[in-house]
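Just protein10.txt here, compact mmCIF, C-alpha atoms:
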```txt
# COMPACT_ATOMS: atom_id res chain seq x y z
CA MET A 1 24.06 -11.01 5.21
CA LEU A 2 22.14 -8.14 3.57
CA ASP A 3 24.77 -7.86 0.84
CA ARG A 4 24.24 -11.56 0.09
CA ILE A 5 20.49 -10.99 -0.25
CA ARG A 6 21.03 -7.95 -2.50
CA SER A 7 23.27 -9.93 -4.83
CA HIS A 8 20.95 -12.94 -5.32
CA THR A 9 17.83 -12.33 -7.40
CA ALA A 10 16.37 -15.78 -6.68
CA LEU A 11 16.69 -15.23 -2.93
CA GLN A 12 15.01 -11.83 -3.28
CA LEU A 13 12.12 -13.46 -5.14
CA VAL A 14 11.71 -16.16 -2.47
CA LEU A 15 11.81 -13.56 0.31
CA GLY A 16 9.30 -11.43 -1.62
CA LEU A 17 6.97 -14.41 -2.00
CA LEU A 18 7.23 -15.24 1.71
CA ALA A 19 6.62 -11.58 2.64
CA GLY A 20 3.58 -11.52 0.33
CA ILE A 21 2.17 -14.66 1.93
CA ALA A 22 2.72 -13.17 5.39
CA PHE A 23 1.09 -9.90 4.26
CA GLY A 24 -1.97 -11.75 2.92
CA PHE A 25 -2.21 -13.83 6.08
CA LEU A 26 -2.12 -10.71 8.25
CA LEU A 27 -4.73 -8.97 6.06
CA GLN A 28 -6.98 -12.01 6.46
CA LYS A 29 -6.42 -12.17 10.22
CA GLY A 30 -7.11 -8.43 10.47
CA GLY A 31 -10.47 -9.02 8.77
CA VAL A 32 -9.87 -6.72 5.82
CA THR A 33 -10.24 -9.40 3.15
CA ARG A 34 -13.98 -9.62 3.85
CA TYR A 35 -16.18 -7.79 1.39
CA HIS A 36 -18.63 -6.51 4.03
CA VAL A 37 -15.75 -5.02 6.07
CA LEU A 38 -14.40 -3.13 3.04
CA ILE A 39 -17.83 -1.85 2.07
CA GLY A 40 -18.47 -0.92 5.72
CA GLN A 41 -15.37 1.27 5.61
CA LEU A 42 -16.58 2.99 2.44
CA LEU A 43 -19.97 3.59 4.09
CA LEU A 44 -18.22 4.86 7.26
CA ILE A 45 -19.88 2.28 9.48
CA ASP A 46 -16.95 -0.12 10.04
CA PHE A 47 -13.49 1.33 10.66
CA THR A 48 -11.54 -1.95 10.72
CA VAL A 49 -9.70 -1.07 7.50
CA LEU A 50 -8.69 2.35 8.83
CA LYS A 51 -7.36 0.79 12.04
CA VAL A 52 -5.39 -1.89 10.20
CA MET A 53 -3.95 0.55 7.64
CA LEU A 54 -2.94 3.18 10.20
CA THR A 55 -1.32 0.54 12.39
CA ALA A 56 0.54 -0.82 9.36
CA ALA A 57 1.66 2.67 8.32
CA LEU A 58 2.97 3.42 11.81
CA THR A 59 4.76 0.07 12.09
CA GLY A 60 6.24 0.40 8.61
CA MET A 61 7.33 4.00 9.14
CA LEU A 62 9.10 3.19 12.40
CA GLY A 63 10.58 -0.03 11.04
CA ILE A 64 11.97 1.50 7.85
CA TYR A 65 13.59 4.42 9.62
CA LEU A 66 15.01 2.16 12.33
CA MET A 67 16.53 -0.09 9.66
CA LYS A 68 17.78 2.98 7.76
CA SER A 69 19.43 4.42 10.88
CA ARG A 70 21.29 1.13 11.37
CA GLY A 71 22.40 1.03 7.73
CA TRP A 72 20.38 -2.09 6.94
CA VAL A 73 18.39 -0.47 4.14
CA HIS A 74 18.95 2.34 1.69
CA LEU A 75 15.89 4.27 0.57
CA SER A 76 15.61 4.95 -3.13
CA PRO A 77 12.30 6.73 -3.73
CA LYS A 78 11.07 6.89 -7.29
CA PRO A 79 10.13 10.25 -8.79
CA GLY A 80 6.48 11.16 -8.47
CA ALA A 81 4.18 13.25 -10.59
CA VAL A 82 0.65 14.56 -10.44
CA GLY A 83 -0.17 12.74 -13.70
CA SER A 84 0.91 9.33 -12.44
CA SER A 85 -0.90 9.91 -9.12
CA VAL A 86 -4.13 10.80 -10.92
CA VAL A 87 -3.93 7.84 -13.31
CA GLY A 88 -3.05 5.45 -10.48
CA GLY A 89 -5.85 6.80 -8.30
CA LEU A 90 -8.37 6.42 -11.12
CA ILE A 91 -7.32 2.84 -11.85
CA PHE A 92 -7.42 1.97 -8.14
CA GLY A 93 -10.78 3.72 -7.66
CA VAL A 94 -12.46 2.12 -10.66
CA GLY A 95 -11.29 -1.35 -9.63
CA PHE A 96 -12.37 -0.77 -6.03
CA GLY A 97 -15.70 0.66 -7.14
CA ILE A 98 -16.51 -2.22 -9.47
CA LEU A 99 -15.56 -5.09 -7.19
CA GLY A 100 -15.22 -3.64 -3.69
CA TYR A 101 -11.64 -4.83 -3.19
CA CYS A 102 -8.20 -3.26 -3.56
CA PRO A 103 -5.30 -5.29 -5.04
CA GLY A 104 -4.00 -6.57 -1.70
CA THR A 105 -7.38 -7.45 -0.26
CA VAL A 106 -8.64 -9.11 -3.46
CA THR A 107 -5.62 -11.41 -3.46
CA GLY A 108 -6.13 -12.27 0.20
CA ALA A 109 -9.87 -12.79 -0.33
CA ALA A 110 -9.21 -15.09 -3.31
CA ALA A 111 -6.71 -17.06 -1.23
CA GLN A 112 -9.31 -17.59 1.50
CA GLY A 113 -11.82 -18.86 -1.08
CA SER A 114 -14.04 -15.86 -1.84
CA LEU A 115 -15.41 -16.62 -5.31
CA ASP A 116 -16.13 -12.98 -6.21
CA ALA A 117 -12.47 -12.16 -5.62
CA LEU A 118 -11.21 -15.32 -7.33
CA LEU A 119 -13.43 -15.14 -10.42
CA GLY A 120 -13.72 -11.36 -10.76
CA GLY A 121 -10.79 -9.81 -8.95
CA ILE A 122 -7.85 -11.95 -10.01
CA PRO A 123 -8.77 -11.90 -13.73
CA GLY A 124 -9.39 -8.14 -13.36
CA LEU A 125 -5.91 -7.68 -11.88
CA LEU A 126 -4.31 -9.66 -14.68
CA ILE A 127 -6.26 -7.98 -17.49
CA GLY A 128 -5.78 -4.53 -15.97
CA SER A 129 -2.04 -5.08 -15.50
CA ARG A 130 -1.66 -6.28 -19.09
CA LEU A 131 -3.69 -3.36 -20.43
CA TYR A 132 -1.66 -0.86 -18.41
CA ALA A 133 1.61 -2.42 -19.60
CA ALA A 134 0.43 -2.17 -23.21
CA LEU A 135 -0.66 1.47 -22.81
CA TYR A 136 2.30 2.53 -20.66
CA PRO A 137 4.52 3.97 -23.42
CA LYS A 138 1.73 6.28 -24.63
CA LEU A 139 0.57 7.17 -21.10
CA ASP A 140 4.13 7.90 -20.00
CA ALA A 141 4.76 10.27 -22.88
CA VAL A 142 1.45 12.13 -22.56
CA ILE A 143 0.20 11.99 -18.95
CA LEU A 144 2.29 10.18 -16.35
CA ARG A 145 5.17 12.65 -16.07
CA ARG A 146 2.99 15.78 -15.91
CA GLY A 147 3.52 17.79 -12.75
CA ASN A 148 6.76 16.01 -11.82
CA PHE A 149 7.70 16.63 -8.18
CA GLY A 150 10.84 14.49 -8.13
CA LYS A 151 12.02 12.02 -5.52
CA LEU A 152 10.72 13.92 -2.49
CA THR A 153 9.56 12.20 0.65
CA ILE A 154 7.43 13.75 3.39
CA PRO A 155 10.34 13.93 5.89
CA GLU A 156 12.34 15.89 3.30
CA LEU A 157 9.52 18.43 2.94
CA MET A 158 9.35 19.18 6.66
CA PRO A 159 11.91 21.26 8.53
CA GLY A 160 14.31 19.50 10.86
CA LYS A 161 15.45 15.93 10.93
CA PRO A 162 13.33 13.04 9.60
CA TYR A 163 12.63 12.00 13.18
CA VAL A 164 10.62 15.17 13.72
CA SER A 165 8.21 14.33 10.88
CA ILE A 166 8.10 10.70 12.04
CA ALA A 167 7.21 11.81 15.56
CA VAL A 168 4.52 14.20 14.27
CA ALA A 169 3.05 11.52 11.98
CA GLY A 170 3.21 8.97 14.80
CA VAL A 171 1.34 11.24 17.20
CA MET A 172 -1.28 11.96 14.53
CA ILE A 173 -1.76 8.25 13.78
CA VAL A 174 -1.97 7.23 17.44
CA GLY A 175 -4.34 10.14 18.12
CA THR A 176 -6.59 9.11 15.25
CA LEU A 177 -6.63 5.49 16.46
CA LEU A 178 -7.50 6.61 20.00
CA ILE A 179 -10.33 8.83 18.71
CA VAL A 180 -11.74 6.03 16.53
CA GLU A 181 -11.68 3.65 19.51
CA ALA A 182 -13.19 6.22 21.89
CA MET A 183 -16.05 6.84 19.44
CA GLY A 184 -16.74 3.11 19.31
CA TRP A 185 -16.05 2.88 15.61
```
Do you think you could lay out the structure here as structure tokens?
Amino acid sequence: MLDRIRSHTALQLVLGLLAGIAFGFLLQKGGVTRYHVLIGQLLLIDFTVLKVMLTAALTGMLGIYLMKSRGWVHLSPKPGAVGSSVVGGLIFGVGFGILGYCPGTVTGAAAQGSLDALLGGIPGLLIGSRLYAALYPKLDAVILRRGNFGKLTIPELMPGKPYVSIAVAGVMIVGTLLIVEAMGW
């Protein structure tokens, strides 16, 4: 079945659309498409976003490695670099700072009818994406590949099998979630 999905681009697009709709729905149900929740996280007075993101990271980490161990997926990490991380972080930070949403939450907020996200965020995403695409050849040659660290993943950096780093990360995530809950955040 997975080979059939891999060989059909249209099916991949439909599955991607359905996964995106599910992702947006879950963001909305988790409360992280609300402007005041996002700003509350930045002000360190509402930790809903932290809880949702850590839970998603733990679920995704366990799910990906379970599927990998069964041969259902093959990981193909892209090479990373300090330059691309800095540029991406700046673009993300400027967009978040101006509007108070990140790309996923602005799309979910627009879908639930938030006018600031619909009239400011969606055009901002489209304009920013077009601008980045136009500047990409120059950025790639000058900045993006600086400090190349290859196709490394965190489990590859740690000694032992990937399950050791997954277990360590899992304990850290669960511990953080328990501390946040115990503090009443």
At a cut-off of 10 Å, using all atoms listed in the file, what residues contact A:Ile39? Leave out same-chain residues fewer than 3 positions from it and give the result as a PyMOL selection string. chain A and resi 34-36+42-46+49+96-97+100-101
Find, counting all atoms listed in the file, the residue in A:Asp3, A:Thr55, A:Ala22, A:Thr33 that gets nearest to A:Thr176.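 Counting all atoms listed in the file, the residue closest to A:Thr176 is A:Thr55.
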Interatomic distance (Å, one decimal) between atom CA of A:Gly89 and atom CA of A:Ile154: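 Going from atom CA of A:Gly89 over to atom CA of A:Ile154, I get 19.0 Å.
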Please provide the set of residues having any atom within 8 Å of A:Val106, restricted to all atoms listed in the file, with same-chain residues fewer than 2 positions apart removed, written as a VMD selection string. chain A and resid 33 101 to 104 108 to 110 117 to 118 121 to 122
Residue among A:Ser129, A:Ser114, A:Thr105, A:Ser84 lying closest to A:Arg146, counting only C-alpha atoms: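 Smallest separation from A:Arg146 among the options: A:Ser84.
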Set out as JSON lines a contact list for stretch 134-174 of chain A and stretch 77-82 of chain A with a cut-off of 7 Å, giving each residue of stretch 134-174 of chain A that qualifies its closest atom pair and distance in Å to one decimal, counting only C-alpha atoms, ordered by chain and rising residue number.
```
{"residue": "A:Leu144", "atom": "CA", "partner": "A:Ala81", "partner_atom": "CA", "distance": 6.8}
{"residue": "A:Arg145", "atom": "CA", "partner": "A:Ala81", "partner_atom": "CA", "distance": 5.6}
{"residue": "A:Arg146", "atom": "CA", "partner": "A:Ala81", "partner_atom": "CA", "distance": 6.0}
{"residue": "A:Gly147", "atom": "CA", "partner": "A:Val82", "partner_atom": "CA", "distance": 4.9}
{"residue": "A:Asn148", "atom": "CA", "partner": "A:Ala81", "partner_atom": "CA", "distance": 4.0}
{"residue": "A:Phe149", "atom": "CA", "partner": "A:Ala81", "partner_atom": "CA", "distance": 5.4}
{"residue": "A:Gly150", "atom": "CA", "partner": "A:Pro79", "partner_atom": "CA", "distance": 4.3}
{"residue": "A:Lys151", "atom": "CA", "partner": "A:Pro79", "partner_atom": "CA", "distance": 4.2}
```
Tell me, in Å to one decimal, how far atom CA of A:Pro162 is from atom CA of A:Val52.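 It comes out at 24.0 Å.
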Option closest in space to A:Phe25, from A:Ala111, A:Val171, A:Leu131, A:Leu152 [counting only C-alpha atoms]: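 Of A:Ala111, A:Val171, A:Leu131, A:Leu152, the one nearest A:Phe25, counting only C-alpha atoms, is A:Ala111.
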In Å, how far is it from atom CA of A:Ile143 to atom CA of A:Gly83? 5.3 Å
With distances taken over all atoms listed in the file, which residue among A:Gly71, A:Gly30, A:Leu66, A:Arg4 lies nearest A:Lys51? A:Gly30
